[in-house]
Amino acid sequence: VVSTQSTWEAKHNKWTEVACQEVDKTERWRTEIDASSLLTRNLPKWETFKSAWPTGVYGTDLQGHPIIVERIQDIDLHTLTTSFQMEELGIYQARNMEYIQAVKHAISKQTNHMVYKHHIIADMTGLSAKVYKAKDQMQAVLQVAQYYYPETLLKLFVINAPFLFRAIWKALSPLIHPITKEKIKILGGAFIDELQENGISIDQIPPSIGGTFDVSKCQTILLP
């Protein structure tokens with residue numbers, strides 16, 4: 001019993017140490033990029049980034065978690081590789097994440113129910129081998145949420161995933177934390193039932209991926 005307790009205490013202490021290190025890392029990063037001001041300060045290339053990496057905030061699931069939709073065919077890989085430094089990509093994606101956090105805060109106030117996670121639906125329609133040329137840039141964008149906004153992702157649904165995606169997933173998956181990987185569902189074209197099983201109804205996703213959501217009612221907040 002003593003041995004078992006000692007082992008548990010050692011694991012607990014290690015987990016606590018790692019957790020504290022992650023918190024410190026995140027706080028340092030937020031200070032370095034002045035994350036708290038990203039929604040209000042001028043970012044010279046924001047419109048360019050927003051156009052090159054469109055991120056839509058649409059409806060919510062049954063518990064109020066917002067639904068984010070990104071489509072690979074809408075991503076401008078050429079602009080990402082020619083107009084931004086790696087560090088800039090991280091900052092601009094952090095601006096996206098800060099906005100999503102603000103939307104969840106607004107939903108929490110409206111519903112009097114704490115909402116701190118969100119869904120992402122990533123549509124792989126149009127995926128081609130040219131994505132490999134921008135692999136580093138895409139990683140720079142995607143790792144922001146993984147490293148600095150931990151536990152904000154509820155589920156990531158990869159839809160319309162073609163055979164090519166398997167090769168890309170094989171290359172990228174080792175870079176993804178195991179806990180995050182457990183939240184990812186790789187789906188083909190028949191994904192509606194899976195979404196509905198997770199509380200996402202068809203009227204909460206945009207027509208661009210087969211839904212009926214009125215895009216004029218996208219989740220928005222007023223910024224100062």
# chains A, B, ... in the order shown; residues from 1 in each chain; ligands from 1

call {"tool": "residues_around", "arguments": {"residues": "stretch 52-56 of chain A", "least_positions_apart": "6", "cutoff": "6 Å", "atoms": "only C-alpha atoms", "output": "list of chain:residue names"}}
result
A:Ile68, A:Val69, A:Glu70, A:Ile75, A:Asp76

call {"tool": "residues_around", "arguments": {"residues": "A:Glu98", "least_positions_apart": "4", "cutoff": "8 Å", "atoms": "only C-alpha atoms", "output": "list in words"}}
result
Ala35, Leu38, Leu39, Ala94 and Ala102 of chain A

call {"tool": "residues_around", "arguments": {"residues": "stretch 134-142 of chain A", "least_positions_apart": "2", "cutoff": "6 Å", "atoms": "only C-alpha atoms", "output": "list of chain:residue names"}}
result
A:Leu89, A:Gly90, A:Gln93, A:Val131, A:Tyr132, A:Val144

call {"tool": "write_last_selection", "arguments": {"atoms": "N, CA and C atoms", "output": "tab-separated table (two decimals), in the first residue's frame"}}
result
chain	number	residue	atom	x	y	z
A	89	LEU	N	2.48	34.56	-38.30
A	89	LEU	CA	1.36	33.64	-38.43
A	89	LEU	C	0.82	33.25	-37.05
A	90	GLY	N	1.73	33.02	-36.12
A	90	GLY	CA	1.31	32.68	-34.77
A	90	GLY	C	0.53	33.79	-34.12
A	93	GLN	N	-3.00	34.14	-35.83
A	93	GLN	CA	-3.90	33.08	-35.42
A	93	GLN	C	-4.31	33.25	-33.96
A	131	VAL	N	-0.46	21.32	-50.52
A	131	VAL	CA	-0.47	21.65	-49.10
A	131	VAL	C	0.90	21.38	-48.48
A	132	TYR	N	1.59	20.37	-48.99
A	132	TYR	CA	2.91	20.02	-48.45
A	132	TYR	C	3.88	21.20	-48.54
A	144	VAL	N	-0.81	27.02	-32.51
A	144	VAL	CA	-1.18	28.07	-31.56
A	144	VAL	C	-2.25	27.58	-30.59

call {"tool": "residues_around", "arguments": {"residues": "A:Ile121", "least_positions_apart": "5", "cutoff": "12 Å", "atoms": "only C-alpha atoms", "output": "JSON, numbers by chain"}}
result
{"A": [55, 56, 57, 58, 59, 66, 67, 68, 69, 70, 71, 72, 153, 154, 155, 156, 157, 158, 159, 160, 161, 183, 184, 185, 186, 187, 191, 192, 194, 195, 200, 204, 205, 206, 208, 209]}

call {"tool": "select_by_dssp", "arguments": {"residues": "stretch 64-183 of chain A", "states": "helix (DSSP H, G or I)", "output": "ChimeraX atom specification"}}
result
/A:72-74,77-83,86-111,129-148,163-175,178-181

call {"tool": "write_last_selection", "arguments": {"atoms": "C-alpha atoms", "output": "compact mmCIF listing (two decimals), in the first residue's frame"}}
result
# COMPACT_ATOMS: atom_id res chain seq x y z
CA ILE A 72 -9.10 23.89 -46.97
CA GLN A 73 -10.26 25.15 -50.37
CA ASP A 74 -10.61 28.66 -48.94
CA LEU A 77 -1.43 28.89 -49.34
CA HIS A 78 0.52 31.24 -51.61
CA THR A 79 -0.26 34.25 -49.43
CA LEU A 80 0.61 32.34 -46.25
CA THR A 81 4.02 31.40 -47.63
CA THR A 82 4.92 34.72 -49.23
CA SER A 83 3.35 37.42 -47.05
CA MET A 86 6.40 32.27 -39.09
CA GLU A 87 6.17 34.43 -35.96
CA GLU A 88 3.54 36.63 -37.59
CA LEU A 89 1.36 33.64 -38.43
CA GLY A 90 1.31 32.68 -34.77
CA ILE A 91 0.29 36.17 -33.70
CA TYR A 92 -2.48 36.48 -36.27
CA GLN A 93 -3.90 33.08 -35.42
CA ALA A 94 -3.75 34.07 -31.76
CA ARG A 95 -5.98 36.99 -32.71
CA ASN A 96 -8.46 34.45 -34.13
CA MET A 97 -8.32 32.45 -30.91
CA GLU A 98 -8.83 35.55 -28.76
CA TYR A 99 -11.94 36.35 -30.77
CA ILE A 100 -13.30 32.83 -30.30
CA GLN A 101 -12.63 33.13 -26.58
CA ALA A 102 -14.53 36.43 -26.52
CA VAL A 103 -17.47 34.83 -28.33
CA LYS A 104 -17.61 32.06 -25.71
CA HIS A 105 -17.51 34.67 -22.96
CA ALA A 106 -20.43 36.48 -24.59
CA ILE A 107 -22.42 33.24 -24.91
CA SER A 108 -21.72 32.47 -21.25
CA LYS A 109 -23.13 35.86 -20.22
CA GLN A 110 -26.19 35.46 -22.45
CA THR A 111 -27.03 31.96 -21.23
CA ALA A 129 -0.53 17.78 -52.66
CA LYS A 130 0.37 21.49 -52.80
CA VAL A 131 -0.47 21.65 -49.10
CA TYR A 132 2.91 20.02 -48.45
CA LYS A 133 4.64 23.15 -49.75
CA ALA A 134 3.03 25.16 -46.97
CA LYS A 135 3.32 22.48 -44.26
CA ASP A 136 5.51 24.64 -42.01
CA GLN A 137 3.18 27.63 -42.32
CA MET A 138 0.11 25.52 -41.57
CA GLN A 139 1.84 24.01 -38.58
CA ALA A 140 2.69 27.50 -37.31
CA VAL A 141 -1.00 28.38 -37.41
CA LEU A 142 -2.38 25.13 -36.04
CA GLN A 143 0.03 24.79 -33.11
CA VAL A 144 -1.18 28.07 -31.56
CA ALA A 145 -4.40 26.50 -30.28
CA GLN A 146 -2.67 23.28 -29.28
CA TYR A 147 0.11 24.90 -27.24
CA TYR A 148 -1.39 28.11 -25.91
CA PHE A 163 -7.43 9.42 -49.36
CA LEU A 164 -4.66 12.02 -49.62
CA PHE A 165 -5.54 13.25 -46.16
CA ARG A 166 -4.40 9.94 -44.68
CA ALA A 167 -0.86 10.64 -45.85
CA ILE A 168 -0.97 14.17 -44.48
CA TRP A 169 -2.48 12.95 -41.20
CA LYS A 170 0.30 10.37 -40.89
CA ALA A 171 2.88 13.16 -41.21
CA LEU A 172 1.14 15.62 -38.89
CA SER A 173 -0.32 13.36 -36.20
CA PRO A 174 2.99 12.76 -34.37
CA LEU A 175 3.11 16.52 -33.78
CA PRO A 178 -2.28 12.59 -27.53
CA ILE A 179 -5.06 14.29 -25.55
CA THR A 180 -5.83 16.55 -28.50
CA LYS A 181 -5.67 13.61 -30.89
